[in-house]
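Read through the structure below, which is laid out as structure tokens, and then see the notes.
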Amino acid sequence: MYTKSIFELLLESGKLISSEIELEKVVQRATDLATEMAGAEFGAFFYDVTNAAGESFMLYTISGVSREAFSKFPMPRNTKIFDPTFTARGTVRYDDVTEQPQYGQNPPYDGMPKGHLPVKSYLAVPVVSPVTKEPIGGLFFGHSQPKVFTEQSQKLVEGIAIQAAIAMTNAHLFEEKKQTERRLLEQKEQYLSIFNATSDSIIIYDENGFIAEANPSACQIFGYAYAELIGTHASRLFQNPSDFQVLKEIAFSGRQYRGTNTRIRKDGTLFEADFKGSRFLFRGKPHVMSAVKDITWGKQTEEALQKTRDFAQLISNISPVVLWMTNAEGQTIYINQTWTDWTGGTQESHLDQGWLNGVEPEDRTKTQEAFLQAFAARKVFTADFRIRRRDGEVRWCSTHGSPYFGQDGTFGGFVGSLSDITERKLAEEKLESQNVLINTIMGTTLQALFLMDDRQICTYMNPAAEQMTGYTLEEVQGKPLHYYIHHTRPDGSHYPMEECAINCALPSRNQTRGEEVFVRKDGSFVPVAFIASPIIENGVPKGTVIEARDTTEEKKIQQALRNKEKETLALLEQKVKERTAELEKRNYELLQFASVASHDLKEPVRKITLFSKLLTEKLQPSLDARTLRQLDTITSSAQRMTRLIDDLLNFSRLSQNRLSFEPVDLNAVLGQIAEDLEVLIQEKGACVHWDPLPTVEGIPLQLGQVFQNLISNSLKFCPEGRKPLVTIKTEEISENGEKSYRILYQDNGIGFDPEQAEKIFEIFFRLHSRDQYEGTGVGLAIVKKIVEMHQGSIKATAVRHQGARFELVFPRPR
């Protein structure tokens, strides 16, 4: 039947099976090879596995037929047919299994179940662990014809079973190796995080004293950049470099050193340091790790010092897994060196029950009882307990053990492993504490809080959210939150999820906030102010946190305030109208009074002027010079009084004019003024020059009055012997986004003191006496009032005896 020897076939099959390292592929390849070599129509491999929780269950592979041929039947039990294989009592081979007396003696079946593959020839070989000698599964083969399996095919399958057992053991070891590597990588990352996060300076230097590594705190404490520290000699950090040489020799002799001394920073400043150092392997070579704490301003707490010592020890000691084994009586017959490295003593002192001495007294009895119960029941043993290391540190450990059996099926004892889980315990305790705190906060806050996952499914809502919506967490959890509390707008229209700002927070990866209206369970609406914050972990969107606040009362208060504001505004408008009407009435009365008063005042003044002139003309030949001067004084005073009355009347009428603005060309205005003052300009020998001026909105007569008053003042207030010079320029400016024209008026007159720049615009203010310069003190007051009526502004600057400068600003027409 075979052209090759059994040895050659097994050698080839061994190569094929051992080429796989994944358990499922190993089992499938062994099943396929054994089915082919046995000449079976179909074959199966049923084997036991144990998950991370210590639970055992059975898996299987199929060869020769589809997996569905077995999937509708339950897993095989330890029946009289299967029991010899599953208990590893030996190989079973039948020419016709249906003729065996034990066949069909397993209720509820009297034979093969309906739909089962037809089996006559039957071959089953146990697969036994080469280490524990306990059964780990079985290879089963069938053929619809009798007498198919021979002694040679049996030997081939038995050889494959041994190879499969070895390959499965290797696969288990490979998986354990990967898990150990993952744990070591996690520990390395933890140590690196501690290294970078500690507030103490950590520096690693080699046998020659050169720095190979430094943490951020070292850079901060000594004042160097990272690149400056790496490769420099560590003695550079000591006030006395010889101190470093002594400490380095102590460390490389295998001893730890610690103490206090003075260190020096990059900038030359000194500080007192508490230090500790020890030798350890770094990048495969001996190095020294030195921890330094700045104690210039006082000693740190004992807890911080202990943290530094713990950290140094964590960096120096990376622990592998502890392995242990007992005999059939429960006595420990093996425990590896790692346990003694942790707890001290010798390996012999920890045999039998001696290992319990390493367990903390509070956990010792409980741990021993748990082991004895599992041992008696031959069940998987798991326990967490604390140990005290040889340096006195208490650590949490977790052990896992399983029973093993000899080749003859006899119980041999337990074998297991033990690992350090202190970090996991601390993390669990911290997480539990944080969860308690978070649950307390979320349970007591008055703000409604919701959590959604990346599919917008509700995962949590706090009591305040339940009260707001009327739903319980059980009613909404695991369902789309939007379609429970946010599905409809207040007008009754459907609210699509994709238009909802809350649900856009996670896709956009941006926090959203605003106001919305939620729908309660009873169908009523509640206005809310919300903040939706996306949860992003390592760049991956995970969910959304929603905070919502019921704004019903706020809306009521806001509406009440708006109503109150409207009432107040209406009342204020009424008061303004009443006051405006009253002011207009009084202004009209004042205007009437001013007109009547000016007429009544001017009439006697006119008569005084007239009769004074008549008297002067009639009596001039007979009057002396003094009397004539007195009559001239009466006449000039009456004329000044007339001008003053006219100026006051003009000033009072400015505020009464109904403003009706029109475009005014300032060039035309100045041209008319120059023509009106032509005689005076020629008498003074004056020069009035202006650059092209803009067109503004205003009242032509009033704007003419502005420039006529300014030019008249410039002609009047000019020193004797100086020819008046007036220049007018313009420029376009922009203030607060509004464009305007600035007109610069400059003369060369007598000027004024800078502190008088504001007073000159006050009515009746005079800089000079009447015998020096004529005037009523009203002209510039009129100028300022007209400019302001045109929504403009004016300001003056000057230096005494060097002329005056006026800046007029008018808005640009729109």
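By order of appearance in the structure tokens: chains A, B, ..., then residues from 1 within every chain, and ligands from 1 in the order shown.
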Which residues are close to A:His494, i.e. within 12 Å by only C-alpha atoms, leaving aside same-chain residues fewer than 6 positions away? Reply as a tab-separated table (two decimals) with all heavy atoms, in the first residue's frame.
chain	number	residue	atom	x	y	z
A	482	HIS	N	-30.84	60.15	19.70
A	482	HIS	CA	-31.52	61.22	18.97
A	482	HIS	C	-33.00	60.88	18.73
A	482	HIS	O	-33.87	61.75	18.87
A	482	HIS	CB	-30.81	61.45	17.63
A	482	HIS	CG	-31.46	62.52	16.79
A	482	HIS	ND1	-31.18	63.86	16.95
A	482	HIS	CD2	-32.38	62.44	15.79
A	482	HIS	CE1	-31.89	64.56	16.08
A	482	HIS	NE2	-32.62	63.74	15.37
A	483	TYR	N	-33.26	59.63	18.39
A	483	TYR	CA	-34.63	59.25	18.03
A	483	TYR	C	-35.51	58.98	19.24
A	483	TYR	O	-36.65	58.53	19.09
A	483	TYR	CB	-34.60	58.05	17.09
A	483	TYR	CG	-34.04	58.42	15.73
A	483	TYR	CD1	-32.92	57.79	15.21
A	483	TYR	CD2	-34.62	59.46	15.00
A	483	TYR	CE1	-32.40	58.17	13.98
A	483	TYR	CE2	-34.10	59.84	13.77
A	483	TYR	CZ	-33.00	59.19	13.26
A	483	TYR	OH	-32.49	59.57	12.06
A	486	HIS	N	-34.92	63.67	20.68
A	486	HIS	CA	-34.61	64.81	19.82
A	486	HIS	C	-35.13	64.60	18.40
A	486	HIS	O	-34.57	65.14	17.45
A	486	HIS	CB	-33.08	65.02	19.81
A	486	HIS	CG	-32.70	66.45	19.59
A	486	HIS	ND1	-31.44	66.84	19.21
A	486	HIS	CD2	-33.40	67.59	19.69
A	486	HIS	CE1	-31.39	68.14	19.09
A	486	HIS	NE2	-32.57	68.63	19.38
A	487	HIS	N	-36.18	63.84	18.28
A	487	HIS	CA	-36.61	63.39	16.95
A	487	HIS	C	-37.54	64.37	16.26
A	487	HIS	O	-37.76	64.29	15.05
A	487	HIS	CB	-37.33	62.04	17.08
A	487	HIS	CG	-38.41	62.03	18.12
A	487	HIS	ND1	-39.65	62.55	17.90
A	487	HIS	CD2	-38.38	61.57	19.41
A	487	HIS	CE1	-40.38	62.40	19.00
A	487	HIS	NE2	-39.63	61.83	19.93
A	488	THR	N	-38.12	65.32	16.98
A	488	THR	CA	-39.15	66.20	16.42
A	488	THR	C	-38.86	67.64	16.82
A	488	THR	O	-38.48	67.92	17.95
A	488	THR	CB	-40.54	65.79	16.94
A	488	THR	OG1	-40.77	64.41	16.62
A	488	THR	CG2	-41.63	66.65	16.29
A	500	CYS	N	-28.55	67.51	13.17
A	500	CYS	CA	-28.48	67.84	14.59
A	500	CYS	C	-27.05	68.23	14.97
A	500	CYS	O	-26.10	67.50	14.70
A	500	CYS	CB	-28.94	66.66	15.44
A	500	CYS	SG	-28.76	66.93	17.21
A	519	VAL	N	-37.39	66.39	23.44
A	519	VAL	CA	-38.75	65.85	23.55
A	519	VAL	C	-38.80	64.90	24.73
A	519	VAL	O	-38.02	63.94	24.80
A	519	VAL	CB	-39.16	65.12	22.26
A	519	VAL	CG1	-40.62	64.69	22.34
A	519	VAL	CG2	-38.92	66.00	21.04
Handout entry: Distance query A:Phe761 at most 7 Å, only C-alpha atoms, self and fewer than 6 positions along chain excluded, as a list in words
Key = Leu780, Ala781 and Lys784 of chain A
Exercise for the section: Output as a PyMOL selection string all residues of stretch 32-228 of chain A that backbone DSSP marks as strand (DSSP E). Expected result: chain A and resi 42-50+56-63+92-94+121-128+135-143+201-205+211-214
Exercise for the section: Please identify all polymer residues within 12 Å of A:Cys687, counting only C-alpha atoms, omitting same-chain residues fewer than 2 positions from it, and present them as an MDAnalysis selection string. Expected result: chainID A and resid 674 677:678 680:685 689:690 711 714:715 722:728 746:748
Just the residues within 7 Å of A:Leu237, please, counting only C-alpha atoms, with nothing from its chain fewer than 5 positions along; format it as a PDB file with all heavy atoms, in the first residue's frame.
ATOM      1  N   ARG A 263      26.010  70.200  44.236  1.00  0.00           N
ATOM      2  CA  ARG A 263      26.091  70.052  42.774  1.00  0.00           C
ATOM      3  C   ARG A 263      26.087  71.444  42.136  1.00  0.00           C
ATOM      4  O   ARG A 263      25.735  72.446  42.761  1.00  0.00           O
ATOM      5  CB  ARG A 263      24.912  69.234  42.255  1.00  0.00           C
ATOM      6  CG  ARG A 263      24.827  67.818  42.830  1.00  0.00           C
ATOM      7  CD  ARG A 263      26.000  66.967  42.419  1.00  0.00           C
ATOM      8  NE  ARG A 263      25.934  65.650  43.016  1.00  0.00           N
ATOM      9  CZ  ARG A 263      25.411  64.582  42.404  1.00  0.00           C
ATOM     10  NH1 ARG A 263      24.901  64.716  41.194  1.00  0.00           N
ATOM     11  NH2 ARG A 263      25.403  63.403  43.010  1.00  0.00           N
ATOM     12  N   ILE A 264      26.442  71.476  40.851  1.00  0.00           N
ATOM     13  CA  ILE A 264      26.552  72.758  40.143  1.00  0.00           C
ATOM     14  C   ILE A 264      25.726  72.720  38.874  1.00  0.00           C
ATOM     15  O   ILE A 264      25.708  71.722  38.145  1.00  0.00           O
ATOM     16  CB  ILE A 264      28.028  73.078  39.821  1.00  0.00           C
ATOM     17  CG1 ILE A 264      28.152  74.470  39.206  1.00  0.00           C
ATOM     18  CG2 ILE A 264      28.662  71.998  38.932  1.00  0.00           C
ATOM     19  CD1 ILE A 264      29.577  74.960  39.114  1.00  0.00           C
ATOM     20  N   ARG A 265      25.010  73.795  38.626  1.00  0.00           N
ATOM     21  CA  ARG A 265      24.188  73.904  37.420  1.00  0.00           C
ATOM     22  C   ARG A 265      24.987  74.512  36.276  1.00  0.00           C
ATOM     23  O   ARG A 265      26.116  74.984  36.459  1.00  0.00           O
ATOM     24  CB  ARG A 265      22.949  74.766  37.686  1.00  0.00           C
ATOM     25  CG  ARG A 265      21.987  74.194  38.700  1.00  0.00           C
ATOM     26  CD  ARG A 265      20.704  75.031  38.764  1.00  0.00           C
ATOM     27  NE  ARG A 265      19.729  74.444  39.675  1.00  0.00           N
ATOM     28  CZ  ARG A 265      19.611  74.758  40.948  1.00  0.00           C
ATOM     29  NH1 ARG A 265      20.438  75.648  41.481  1.00  0.00           N
ATOM     30  NH2 ARG A 265      18.690  74.194  41.711  1.00  0.00           N
TER      31      ARG A 265
END
Handout entry: Nearest to A:Met289 by atom-to-atom distance, counting only C-alpha atoms, from A:Lys739, A:Lys618, A:Lys729, A:Lys248
Key = A:Lys248
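Nearest to A:Val799 of all the residues A:Ile750, A:Leu473, A:Ile535, A:Leu670 is A:Ile750, counting only C-alpha atoms.
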